[in-house]
>>> print(open('model_34.pdb').read())   # PDB, C-alpha atoms
MODEL        1
ATOM      1  CA  MET A 237     173.071  57.907  18.218
ATOM      2  CA  MET A 238     175.911  59.358  20.201
ATOM      3  CA  ARG A 239     173.867  62.225  21.101
ATOM      4  CA  ASN A 240     171.215  60.030  22.541
ATOM      5  CA  LYS A 241     173.746  58.280  24.756
ATOM      6  CA  LYS A 242     175.129  61.581  25.990
ATOM      7  CA  ASN A 243     171.663  62.785  26.886
ATOM      8  CA  LYS A 244     170.980  59.559  28.727
ATOM      9  CA  VAL A 245     174.219  59.833  30.690
ATOM     10  CA  VAL A 246     173.536  63.437  31.647
ATOM     11  CA  PHE A 247     170.013  62.578  32.626
ATOM     12  CA  LEU A 248     171.107  59.643  34.775
ATOM     13  CA  THR A 249     173.805  61.680  36.550
ATOM     14  CA  VAL A 250     171.401  64.433  37.358
ATOM     15  CA  PHE A 251     168.856  61.880  38.557
ATOM     16  CA  PHE A 252     171.343  60.128  40.858
ATOM     17  CA  ALA A 253     172.558  63.470  42.217
ATOM     18  CA  VAL A 254     169.035  64.544  43.113
ATOM     19  CA  VAL A 255     168.254  61.167  44.701
ATOM     20  CA  SER A 256     171.459  61.137  46.758
ATOM     21  CA  LEU A 257     170.876  64.701  47.984
ATOM     22  CA  SER A 258     167.321  63.870  48.996
ATOM     23  CA  ILE A 259     168.491  60.791  50.903
ATOM     24  CA  VAL A 260     171.161  62.804  52.738
ATOM     25  CA  GLY A 261     168.591  65.500  53.527
ATOM     26  CA  CYS A 262     166.139  62.981  55.018
ATOM     27  CA  GLY A 263     168.666  61.580  57.466
ATOM     28  CA  LYS A 264     168.594  62.181  61.214
ATOM     29  CA  LYS A 265     169.748  65.633  62.078
ATOM     30  CA  GLU A 266     171.707  66.363  65.200
ATOM     31  CA  SER A 267     170.582  69.266  67.275
ATOM     32  CA  GLN A 268     172.521  72.269  66.217
ATOM     33  CA  PRO A 269     172.331  75.570  68.019
ATOM     34  CA  ASN A 270     170.118  78.017  66.215
ATOM     35  CA  THR A 271     172.454  80.541  64.778
ATOM     36  CA  ALA A 272     169.770  82.492  62.991
ATOM     37  CA  PRO A 273     168.970  85.754  64.744
ATOM     38  CA  GLN A 274     165.586  85.721  66.480
ATOM     39  CA  THR A 275     163.228  88.393  65.316
ATOM     40  CA  LYS A 276     160.663  89.949  67.601
ATOM     41  CA  PRO A 277     157.081  90.161  66.428
ATOM     42  CA  PRO A 278     156.243  93.538  65.004
ATOM     43  CA  VAL A 279     154.846  95.949  67.567
ATOM     44  CA  ILE A 280     151.455  97.337  66.620
ATOM     45  CA  LYS A 281     150.968 100.790  67.995
ATOM     46  CA  GLN A 282     147.578 101.472  69.531
ATOM     47  CA  PRO A 283     145.941 104.739  68.555
ATOM     48  CA  VAL A 284     146.118 107.365  71.237
ATOM     49  CA  VAL A 285     142.660 108.249  72.564
ATOM     50  CA  GLN A 286     142.203 111.577  74.206
ATOM     51  CA  GLN A 287     140.440 111.379  77.561
ATOM     52  CA  GLN A 288     137.398 113.523  78.069
ATOM     53  CA  LEU A 289     137.821 116.255  80.605
ATOM     54  CA  SER A 290     134.724 117.312  82.481
ATOM     55  CA  SER A 291     134.009 119.897  85.108
ATOM     56  CA  SER A 292     131.667 117.504  86.972
ATOM     57  CA  ARG A 293     133.054 115.281  89.679
ATOM     58  CA  THR A 294     133.115 111.600  88.894
ATOM     59  CA  ALA A 295     132.340 109.164  91.652
ATOM     60  CA  GLY A 296     134.210 105.934  92.017
ATOM     61  CA  PRO A 297     132.707 102.704  90.674
ATOM     62  CA  SER A 298     131.913 101.506  94.198
ATOM     63  CA  SER A 299     129.275 104.230  94.647
ATOM     64  CA  PHE A 300     127.256 102.772  91.739
ATOM     65  CA  ALA A 301     127.335  99.190  92.989
ATOM     66  CA  VAL A 302     123.835  97.894  93.740
ATOM     67  CA  ASP A 303     123.066  94.648  95.517
ATOM     68  CA  PHE A 304     120.257  93.022  93.494
ATOM     69  CA  SER A 305     119.939  89.979  95.748
ATOM     70  CA  THR A 306     117.473  91.847  97.971
ATOM     71  CA  LYS A 307     115.412  93.257  95.077
ATOM     72  CA  LYS A 308     112.327  91.618  93.576
ATOM     73  CA  ASP A 309     112.590  90.207  90.069
ATOM     74  CA  PRO A 310     110.713  92.654  87.787
ATOM     75  CA  PHE A 311     110.002  89.926  85.231
ATOM     76  CA  LYS A 312     108.430  87.503  87.717
ATOM     77  CA  PRO A 313     104.631  87.536  87.503
ATOM     78  CA  TYR A 314     102.870  89.386  90.303
ATOM     79  CA  ALA A 315     100.707  86.429  91.198
ATOM     80  CA  ALA A 316     102.595  83.157  91.394
ATOM     81  CA  LEU A 317     101.561  80.972  88.509
ATOM     82  CA  ILE A 318     100.052  77.686  89.619
ATOM     83  CA  SER A 319     100.018  74.774  87.208
ATOM     84  CA  GLY A 320      96.703  74.952  85.447
ATOM     85  CA  PRO A 321      94.086  77.688  85.517
ATOM     86  CA  GLN A 322      92.932  78.985  88.890
ATOM     87  CA  GLY A 323      89.325  78.000  89.373
ATOM     88  CA  PRO A 324      86.982  78.587  92.278
ATOM     89  CA  LYS A 325      88.391  77.467  95.630
ATOM     90  CA  LYS A 326      87.036  74.400  97.362
ATOM     91  CA  ASN A 327      86.756  73.713 101.067
ATOM     92  CA  ARG A 328      88.476  70.774 102.760
ATOM     93  CA  TYR A 329      85.625  68.473 101.742
ATOM     94  CA  GLY A 330      85.938  69.360  98.041
ATOM     95  CA  GLN A 331      82.823  71.520  97.904
ATOM     96  CA  ILE A 332      82.914  74.761  95.928
ATOM     97  CA  ILE A 333      81.869  77.529  98.319
ATOM     98  CA  PRO A 334      81.803  81.193  97.188
ATOM     99  CA  ILE A 335      82.779  82.418 100.671
ATOM    100  CA  LEU A 336      86.334  81.134  99.977
ATOM    101  CA  ASN A 337      86.782  83.259  96.835
ATOM    102  CA  TYR A 338      86.791  86.761  98.364
ATOM    103  CA  ASP A 339      89.317  88.672 100.474
ATOM    104  CA  LEU A 340      88.458  89.259 104.124
ATOM    105  CA  ALA A 341      88.348  93.019 103.613
ATOM    106  CA  GLN A 342      85.444  92.575 101.161
ATOM    107  CA  PHE A 343      83.136  91.006 103.758
ATOM    108  CA  SER A 344      80.902  93.097 106.007
ATOM    109  CA  VAL A 345      79.468  91.946 109.322
ATOM    110  CA  LYS A 346      75.708  92.604 109.537
ATOM    111  CA  GLY A 347      74.934  90.920 112.848
ATOM    112  CA  ILE A 348      76.297  88.724 115.631
ATOM    113  CA  ILE A 349      74.201  86.294 117.652
ATOM    114  CA  VAL A 350      75.565  85.495 121.088
ATOM    115  CA  GLY A 351      73.909  82.308 122.302
ATOM    116  CA  LEU A 352      74.174  79.783 125.075
ATOM    117  CA  LYS A 353      75.898  77.047 123.044
ATOM    118  CA  GLU A 354      78.034  78.881 120.493
ATOM    119  CA  ASN A 355      78.128  82.289 118.915
ATOM    120  CA  SER A 356      77.295  82.833 115.249
ATOM    121  CA  ALA A 357      77.461  85.795 112.900
ATOM    122  CA  LEU A 358      75.826  87.019 109.729
ATOM    123  CA  ILE A 359      78.286  88.273 107.101
ATOM    124  CA  VAL A 360      77.659  89.526 103.559
ATOM    125  CA  ASP A 361      80.010  89.079 100.598
ATOM    126  CA  PRO A 362      80.566  91.813  97.936
ATOM    127  CA  THR A 363      77.773  90.458  95.738
ATOM    128  CA  GLY A 364      75.267  90.793  98.615
ATOM    129  CA  LYS A 365      74.937  87.099  99.436
ATOM    130  CA  PRO A 366      74.603  86.496 103.198
ATOM    131  CA  TYR A 367      76.291  83.707 105.169
ATOM    132  CA  VAL A 368      75.809  82.510 108.742
ATOM    133  CA  VAL A 369      79.225  81.567 110.135
ATOM    134  CA  LYS A 370      80.446  79.905 113.317
ATOM    135  CA  ALA A 371      83.847  79.422 114.963
ATOM    136  CA  GLY A 372      86.006  76.887 113.089
ATOM    137  CA  MET A 373      84.599  77.647 109.622
ATOM    138  CA  GLU A 374      86.782  78.600 106.656
ATOM    139  CA  ILE A 375      86.521  82.038 105.104
ATOM    140  CA  GLY A 376      88.436  84.098 102.525
ATOM    141  CA  ARG A 377      91.015  83.458  99.820
ATOM    142  CA  ASN A 378      94.002  82.921 102.089
ATOM    143  CA  GLU A 379      92.656  79.832 103.862
ATOM    144  CA  GLY A 380      91.335  81.828 106.803
ATOM    145  CA  LYS A 381      89.700  80.127 109.752
ATOM    146  CA  ILE A 382      87.277  81.805 112.160
ATOM    147  CA  THR A 383      88.839  81.420 115.614
ATOM    148  CA  LYS A 384      86.525  83.506 117.800
ATOM    149  CA  ILE A 385      83.189  85.288 117.613
ATOM    150  CA  THR A 386      82.481  87.890 120.299
ATOM    151  CA  SER A 387      79.634  90.360 120.662
ATOM    152  CA  THR A 388      81.562  93.071 118.744
ATOM    153  CA  TYR A 389      83.890  91.332 116.263
ATOM    154  CA  ILE A 390      84.826  88.132 114.391
ATOM    155  CA  GLU A 391      88.470  87.019 114.653
ATOM    156  CA  VAL A 392      89.949  85.240 111.592
ATOM    157  CA  PHE A 393      93.402  83.580 111.471
ATOM    158  CA  GLU A 394      95.066  83.269 108.049
ATOM    159  CA  GLN A 395      98.188  81.284 107.231
ATOM    160  CA  TYR A 396      99.406  81.407 103.600
ATOM    161  CA  ARG A 397     102.482  81.843 101.396
ATOM    162  CA  ASP A 398     103.072  85.129  99.568
ATOM    163  CA  GLU A 399     104.512  85.481  96.031
ATOM    164  CA  ALA A 400     108.075  85.247  97.397
ATOM    165  CA  GLY A 401     107.236  81.926  99.053
ATOM    166  CA  LYS A 402     107.424  83.206 102.633
ATOM    167  CA  LEU A 403     104.921  81.895 105.167
ATOM    168  CA  LYS A 404     102.609  84.668 106.366
ATOM    169  CA  LYS A 405     100.443  84.468 109.464
ATOM    170  CA  ASN A 406      97.787  87.109 109.954
ATOM    171  CA  THR A 407      94.977  87.607 112.464
ATOM    172  CA  THR A 408      92.174  89.895 111.270
ATOM    173  CA  LYS A 409      89.190  91.255 113.145
ATOM    174  CA  LEU A 410      85.976  91.904 111.235
ATOM    175  CA  MET A 411      84.143  94.500 113.364
ATOM    176  CA  LEU A 412      80.416  94.826 113.746
ATOM    177  CA  PRO A 413      79.427  98.405 112.741
ATOM    178  CA  LYS A 414      78.383 100.612 115.651
ATOM    179  CA  LYS A 415      74.721 101.636 115.990
ATOM    180  CA  GLU A 416      73.844 105.170 115.108
TER     181      GLU A 416
ENDMDL
END
>>> encode(input="model_34.pdb", output="structure tokens")
Amino acid sequence: MMRNKKNKVVFLTVFFAVVSLSIVGCGKKESQPNTAPQTKPPVIKQPVVQQQLSSSRTAGPSSFAVDFSTKKDPFKPYAALISGPQGPKKNRYGQIIPILNYDLAQFSVKGIIVGLKENSALIVDPTGKPYVVKAGMEIGRNEGKITKITSTYIEVFEQYRDEAGKLKKNTTKLMLPKKE
């Protein structure tokens, strides 16, 4: 029985010692100067890389600088994509007219009639279909308008936007072929 009491006493003393030390350790610490020596982080040595020596002259990086703001985007489609499929063009009244679906360069002038009231001309599209046109009529893909018909040529004014979005104005003369 004595032994049991001695074990209990030893156990209790050890328990109280541990508890008292933990309470003292949890108390508020005053700021003490750090007396431990500060260690620097280890320095990692970079491998030495030998530079390549060449007999050719190297130009500075400024000679390779290219300003791409003035260049066209190579991935932009050539023809500007319009929402929906591009169908046949219509005139200002909503009528589908084949004369509006060809470029001006594809038309050929076959004859010009100079009259008392107004001049008119006979033009032929690439498929061979003839048209009689007068001043003020629309012609061509780029919303061209016939401004003048003389005895030797037809003058067409076009105003349209190119693929970059710039407004283009162009006056074209379709000449009557000379007689042989």
>>> residues_near_point(input="model_34.pdb", point="(86.1, 80.5, 113.0)", cutoff="7 Å", atoms="all atoms listed in the file", output="PDB file with C-alpha atoms, in the coordinates of the input")
ATOM      1  CA  LYS A 370      80.446  79.905 113.317  1.00  0.00           C
ATOM      2  CA  ALA A 371      83.847  79.422 114.963  1.00  0.00           C
ATOM      3  CA  GLY A 372      86.006  76.887 113.089  1.00  0.00           C
ATOM      4  CA  MET A 373      84.599  77.647 109.622  1.00  0.00           C
ATOM      5  CA  GLU A 374      86.782  78.600 106.656  1.00  0.00           C
ATOM      6  CA  LYS A 381      89.700  80.127 109.752  1.00  0.00           C
ATOM      7  CA  ILE A 382      87.277  81.805 112.160  1.00  0.00           C
ATOM      8  CA  THR A 383      88.839  81.420 115.614  1.00  0.00           C
ATOM      9  CA  LYS A 384      86.525  83.506 117.800  1.00  0.00           C
ATOM     10  CA  VAL A 392      89.949  85.240 111.592  1.00  0.00           C
TER      11      VAL A 392
END
>>> resolve_selection(input="model_34.pdb", expression="the PyMOL selection byres ((chain A and resi 408) around 7)", output="PDB file with C-alpha atoms, in the frame of the given file")
ATOM      1  CA  GLU A 391      88.470  87.019 114.653  1.00  0.00           C
ATOM      2  CA  VAL A 392      89.949  85.240 111.592  1.00  0.00           C
ATOM      3  CA  PHE A 393      93.402  83.580 111.471  1.00  0.00           C
ATOM      4  CA  ASN A 406      97.787  87.109 109.954  1.00  0.00           C
ATOM      5  CA  THR A 407      94.977  87.607 112.464  1.00  0.00           C
ATOM      6  CA  LYS A 409      89.190  91.255 113.145  1.00  0.00           C
ATOM      7  CA  LEU A 410      85.976  91.904 111.235  1.00  0.00           C
TER       8      LEU A 410
END
>>> atom_distance(input="model_34.pdb", atom1="atom CA of A:Ile375", atom2="atom CA of A:Asp398")
17.7 Å
>>> atom_distance(input="model_34.pdb", atom1="atom CA of A:Ala400", atom2="atom CA of A:Pro324")
22.7 Å
>>> closest_residue(input="model_34.pdb", among="A:Ile259, A:Leu248, A:Val360, A:Val279", to="A:Phe343", atoms="all atoms listed in the file")
A:Val360
>>> residues_around(input="model_34.pdb", residues="A:Leu412", least_positions_apart="6", cutoff="7 Å", atoms="all atoms listed in the file", output="PDB file with C-alpha atoms, keeping the file's coordinate frame")
ATOM      1  CA  VAL A 345      79.468  91.946 109.322  1.00  0.00           C
ATOM      2  CA  LYS A 346      75.708  92.604 109.537  1.00  0.00           C
ATOM      3  CA  GLY A 347      74.934  90.920 112.848  1.00  0.00           C
ATOM      4  CA  THR A 388      81.562  93.071 118.744  1.00  0.00           C
ATOM      5  CA  TYR A 389      83.890  91.332 116.263  1.00  0.00           C
TER       6      TYR A 389
END
>>> closest_residue(input="model_34.pdb", among="A:Lys415, A:Lys353, A:Lys308, A:Arg377", to="A:Glu399", atoms="only C-alpha atoms")
A:Lys308
>>> closest_residue(input="model_34.pdb", among="A:Ile335, A:Val254, A:Ala301, A:Val350", to="A:Thr363", atoms="only C-alpha atoms")
A:Ile335
>>> atom_distance(input="model_34.pdb", atom1="atom CA of A:Ile348", atom2="atom CA of A:Gly376")
18.5 Å
